[in-house]
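Novice: Submitted below is the structure of interest, expressed as structure tokens.
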Amino acid sequence: MGFLLTVVELGVTLILIVFSVVVLEAWRRRHSSNVSVESVTTTLEDPTSLKQVVIVDDGSVDGTKRVAFDFVRKYTVDSIRVIPLGKNQGMMHSRGELLLMLDADGATKVTDLEKLENQILAVAREENSIRDPTSKLVDFRIGDVQVSAFGSRAHLEEKAIATRKWYRNFLMKGFHLVVLLAAGSGIRDTQCGFKMFTRAAARRLFTNIHLKRWCFDVELVFLCKRFNIPMLEISVKLSEIPGSKVSMLSIPNMLWELTLMSVGYRTGMWKIHQA
């Protein structure tokens, strides 16, 4: 009996310690969002001249900046800016009507860009007509309507399940369940590195985001649902890139961030700014 009590006490102590760590970390990150465009200063860099370039090195540590500069040196793309931000703020500096976010490994083809753009345009027009029935298409600006599009590999899931090891399938199914509990339904593949937002949607979402690494994609889904921003899930083509696959060791990090997100928002420590 004494042994059982000791085990129970140790279990309760461990749970309290883990809960305390989660709460403290969520509290520490409560002010890690809400970065306004005006408050961020950047240095524009071009390796060949003083002309502007348009490549954003969004806090990467994998040599993306070097590759971007090599590209500019080779092709002398004078119309592109290189912006080394040091941390994830690329969306806050983008000025286009539609903002595309994609992984630098090239796993998703840029040729799918048109699919996302066309579907966002259709939904934005519909949303604009609902918001202002008297407006004319000539006055319509897609960047002012809030719409988000998530590239998806969900259509490839059946084939992936057949080829993956059983434990990888088990872990991925468990992760999808946790995502469903944390952010709700709506997007089956939250982790695909190919997403597009209208400028208005990006401004609203990325000024509120707290997670910066593993599961910021899930937080985007959560915030879209909170703001009632239309979400589109669009199938995209995928190429296997050696070395770019997410390791199973990253699953604990993902679960940690999802736990932080749930605690942060459910306790009210993470504030959502409506403007």
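Note on naming: chains are A, B, ... as they come in the structure tokens, residues start from 1 per chain, ligands start from 1 in the order shown.
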Please list as a PDB file with N, CA and C atoms, in the first residue's frame every residue within 9 Å of stretch 97-106 of chain A, counting only C-alpha atoms and excluding residues in the same chain fewer than 2 positions away.

Specialist:
ATOM      1  N   THR A  64      19.768  29.694 -46.455  1.00  0.00           N
ATOM      2  CA  THR A  64      18.853  30.280 -47.437  1.00  0.00           C
ATOM      3  C   THR A  64      19.331  31.649 -47.897  1.00  0.00           C
ATOM      4  N   MET A  91       6.003  38.123 -43.503  1.00  0.00           N
ATOM      5  CA  MET A  91       4.637  38.476 -43.895  1.00  0.00           C
ATOM      6  C   MET A  91       4.284  39.910 -43.515  1.00  0.00           C
ATOM      7  N   SER A  94       5.663  42.199 -46.409  1.00  0.00           N
ATOM      8  CA  SER A  94       5.214  42.002 -47.784  1.00  0.00           C
ATOM      9  C   SER A  94       4.155  43.030 -48.143  1.00  0.00           C
ATOM     10  N   ARG A  95       4.188  43.494 -49.391  1.00  0.00           N
ATOM     11  CA  ARG A  95       3.321  44.595 -49.790  1.00  0.00           C
ATOM     12  C   ARG A  95       2.349  44.233 -50.905  1.00  0.00           C
ATOM     13  N   THR A 108       7.239  21.697 -52.894  1.00  0.00           N
ATOM     14  CA  THR A 108       5.994  22.070 -53.552  1.00  0.00           C
ATOM     15  C   THR A 108       6.308  22.960 -54.738  1.00  0.00           C
ATOM     16  N   LYS A 109       5.717  22.659 -55.869  1.00  0.00           N
ATOM     17  CA  LYS A 109       6.021  23.375 -57.095  1.00  0.00           C
ATOM     18  C   LYS A 109       5.304  24.723 -57.142  1.00  0.00           C
ATOM     19  N   VAL A 110       6.029  25.749 -57.565  1.00  0.00           N
ATOM     20  CA  VAL A 110       5.455  27.083 -57.677  1.00  0.00           C
ATOM     21  C   VAL A 110       4.376  27.123 -58.752  1.00  0.00           C
ATOM     22  N   LEU A 113       0.888  27.747 -57.811  1.00  0.00           N
ATOM     23  CA  LEU A 113       0.533  29.091 -57.372  1.00  0.00           C
ATOM     24  C   LEU A 113      -0.783  29.552 -57.995  1.00  0.00           C
ATOM     25  N   GLU A 117      -4.202  31.097 -56.273  1.00  0.00           N
ATOM     26  CA  GLU A 117      -4.583  32.462 -56.617  1.00  0.00           C
ATOM     27  C   GLU A 117      -5.996  32.530 -57.179  1.00  0.00           C
ATOM     28  N   ILE A 120      -8.616  31.816 -54.371  1.00  0.00           N
ATOM     29  CA  ILE A 120      -8.705  32.956 -53.457  1.00  0.00           C
ATOM     30  C   ILE A 120      -9.467  34.100 -54.114  1.00  0.00           C
ATOM     31  N   ARG A 141     -10.573  45.316 -54.691  1.00  0.00           N
ATOM     32  CA  ARG A 141      -9.153  45.060 -54.453  1.00  0.00           C
ATOM     33  C   ARG A 141      -9.035  43.802 -53.606  1.00  0.00           C
ATOM     34  N   ILE A 142      -8.456  42.772 -54.185  1.00  0.00           N
ATOM     35  CA  ILE A 142      -8.412  41.478 -53.516  1.00  0.00           C
ATOM     36  C   ILE A 142      -7.647  41.535 -52.206  1.00  0.00           C
ATOM     37  N   GLY A 143      -6.643  42.409 -52.122  1.00  0.00           N
ATOM     38  CA  GLY A 143      -5.836  42.491 -50.907  1.00  0.00           C
ATOM     39  C   GLY A 143      -6.582  43.016 -49.702  1.00  0.00           C
ATOM     40  N   ASP A 144      -7.737  43.661 -49.936  1.00  0.00           N
ATOM     41  CA  ASP A 144      -8.502  44.229 -48.826  1.00  0.00           C
ATOM     42  C   ASP A 144      -9.518  43.259 -48.242  1.00  0.00           C
ATOM     43  N   CYS A 192       1.634  21.574 -44.550  1.00  0.00           N
ATOM     44  CA  CYS A 192       2.178  21.758 -45.893  1.00  0.00           C
ATOM     45  C   CYS A 192       2.761  23.169 -46.020  1.00  0.00           C
ATOM     46  N   GLY A 193       3.985  23.255 -46.519  1.00  0.00           N
ATOM     47  CA  GLY A 193       4.671  24.547 -46.595  1.00  0.00           C
ATOM     48  C   GLY A 193       4.342  25.337 -47.839  1.00  0.00           C
ATOM     49  N   PHE A 194       3.057  25.480 -48.139  1.00  0.00           N
ATOM     50  CA  PHE A 194       2.629  26.223 -49.323  1.00  0.00           C
ATOM     51  C   PHE A 194       1.287  26.879 -49.003  1.00  0.00           C
ATOM     52  N   LYS A 195       1.336  28.149 -48.598  1.00  0.00           N
ATOM     53  CA  LYS A 195       0.139  28.844 -48.141  1.00  0.00           C
ATOM     54  C   LYS A 195       0.071  30.227 -48.771  1.00  0.00           C
ATOM     55  N   MET A 196      -1.143  30.708 -48.981  1.00  0.00           N
ATOM     56  CA  MET A 196      -1.324  32.032 -49.559  1.00  0.00           C
ATOM     57  C   MET A 196      -2.399  32.776 -48.773  1.00  0.00           C
ATOM     58  N   PHE A 197      -2.168  34.071 -48.599  1.00  0.00           N
ATOM     59  CA  PHE A 197      -3.101  34.917 -47.864  1.00  0.00           C
ATOM     60  C   PHE A 197      -3.305  36.223 -48.619  1.00  0.00           C
ATOM     61  N   THR A 198      -4.507  36.762 -48.537  1.00  0.00           N
ATOM     62  CA  THR A 198      -4.650  38.140 -48.979  1.00  0.00           C
ATOM     63  C   THR A 198      -3.918  39.017 -47.972  1.00  0.00           C
ATOM     64  N   ARG A 199      -3.549  40.218 -48.399  1.00  0.00           N
ATOM     65  CA  ARG A 199      -2.788  41.090 -47.508  1.00  0.00           C
ATOM     66  C   ARG A 199      -3.558  41.375 -46.220  1.00  0.00           C
ATOM     67  N   ALA A 200      -4.869  41.592 -46.321  1.00  0.00           N
ATOM     68  CA  ALA A 200      -5.672  41.890 -45.140  1.00  0.00           C
ATOM     69  C   ALA A 200      -5.685  40.712 -44.167  1.00  0.00           C
ATOM     70  N   ALA A 202      -3.347  38.318 -43.947  1.00  0.00           N
ATOM     71  CA  ALA A 202      -2.007  38.152 -43.392  1.00  0.00           C
ATOM     72  C   ALA A 202      -1.742  39.139 -42.265  1.00  0.00           C
ATOM     73  N   LEU A 238       3.578  17.387 -54.891  1.00  0.00           N
ATOM     74  CA  LEU A 238       4.678  17.313 -53.928  1.00  0.00           C
ATOM     75  C   LEU A 238       5.800  16.462 -54.485  1.00  0.00           C
ATOM     76  N   SER A 239       7.021  16.933 -54.317  1.00  0.00           N
ATOM     77  CA  SER A 239       8.206  16.162 -54.689  1.00  0.00           C
ATOM     78  C   SER A 239       8.989  15.832 -53.429  1.00  0.00           C
ATOM     79  N   ILE A 241      12.067  15.635 -51.348  1.00  0.00           N
ATOM     80  CA  ILE A 241      13.380  16.270 -51.338  1.00  0.00           C
ATOM     81  C   ILE A 241      14.234  15.605 -50.260  1.00  0.00           C
ATOM     82  N   SER A 244      14.621  16.732 -46.346  1.00  0.00           N
ATOM     83  CA  SER A 244      13.623  17.737 -45.956  1.00  0.00           C
ATOM     84  C   SER A 244      12.468  17.156 -45.164  1.00  0.00           C
TER      85      SER A 244
END

Novice: Which one of A:Lys271, A:Lys237, A:Arg153, A:Arg30 sits closest to A:Ile187 if you count only C-alpha atoms?

Specialist: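 For A:Ile187, the nearest of the candidates is A:Arg153.
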
Novice: Find the residue from A:Ser20, A:Ser60, A:Thr259, A:Gln146 that sits nearest to A:Glu127; use only C-alpha atoms when measuring.

Specialist: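 Between A:Ser20, A:Ser60, A:Thr259, A:Gln146, the residue approaching A:Glu127 most closely is A:Gln146.
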
Novice: What is the distance between atom CA of A:Leu181 and atom CA of A:Arg203, in Å to one decimal?

Specialist: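 That distance, rounded to one decimal, is 25.7 Å.
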
Novice: In stretch 94-270 of chain A, what's helix (DSSP H, G or I) per DSSP? Answer as a ChimeraX atom specification?

Specialist: /A:110-131,137-139,142-144,154-163,166-183,199-206,216-227,248-266

Novice: Need the shell around A:Met254: protein/DNA/RNA residues with any atom at most 7 Å away, counting only C-alpha atoms. Skip same-chain ones fewer than 3 positions apart. Format as a ChimeraX atom specification?

Specialist: /A:214-215,250-251,257-258

Novice: Which residue out of A:Thr207, A:Ser262, A:Asn228, A:Ser235 has the minimum interatomic distance to A:His93 when only C-alpha atoms are used?

Specialist: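 Using only C-alpha atoms, A:His93 sits closest to A:Thr207.
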
Novice: Please report the interatomic distance between atom CA of A:Ile272 and atom CA of A:Leu211 in Å with one decimal.

Specialist: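 Atom CA of A:Leu211 lies 13.4 Å from atom CA of A:Ile272.
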
Novice: Using only C-alpha atoms, which of the listed residues (A:Phe69, A:Phe150, A:Phe227, A:Phe216) sits closest to A:Gln274?

Specialist: A:Phe227

Novice: Please, what distance in Å, to one decimal, runs between atom CA of A:Asp112 and atom CA of A:Val236?

Specialist: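 Spanning atom CA of A:Asp112 to atom CA of A:Val236 is a straight-line distance of 6.1 Å.
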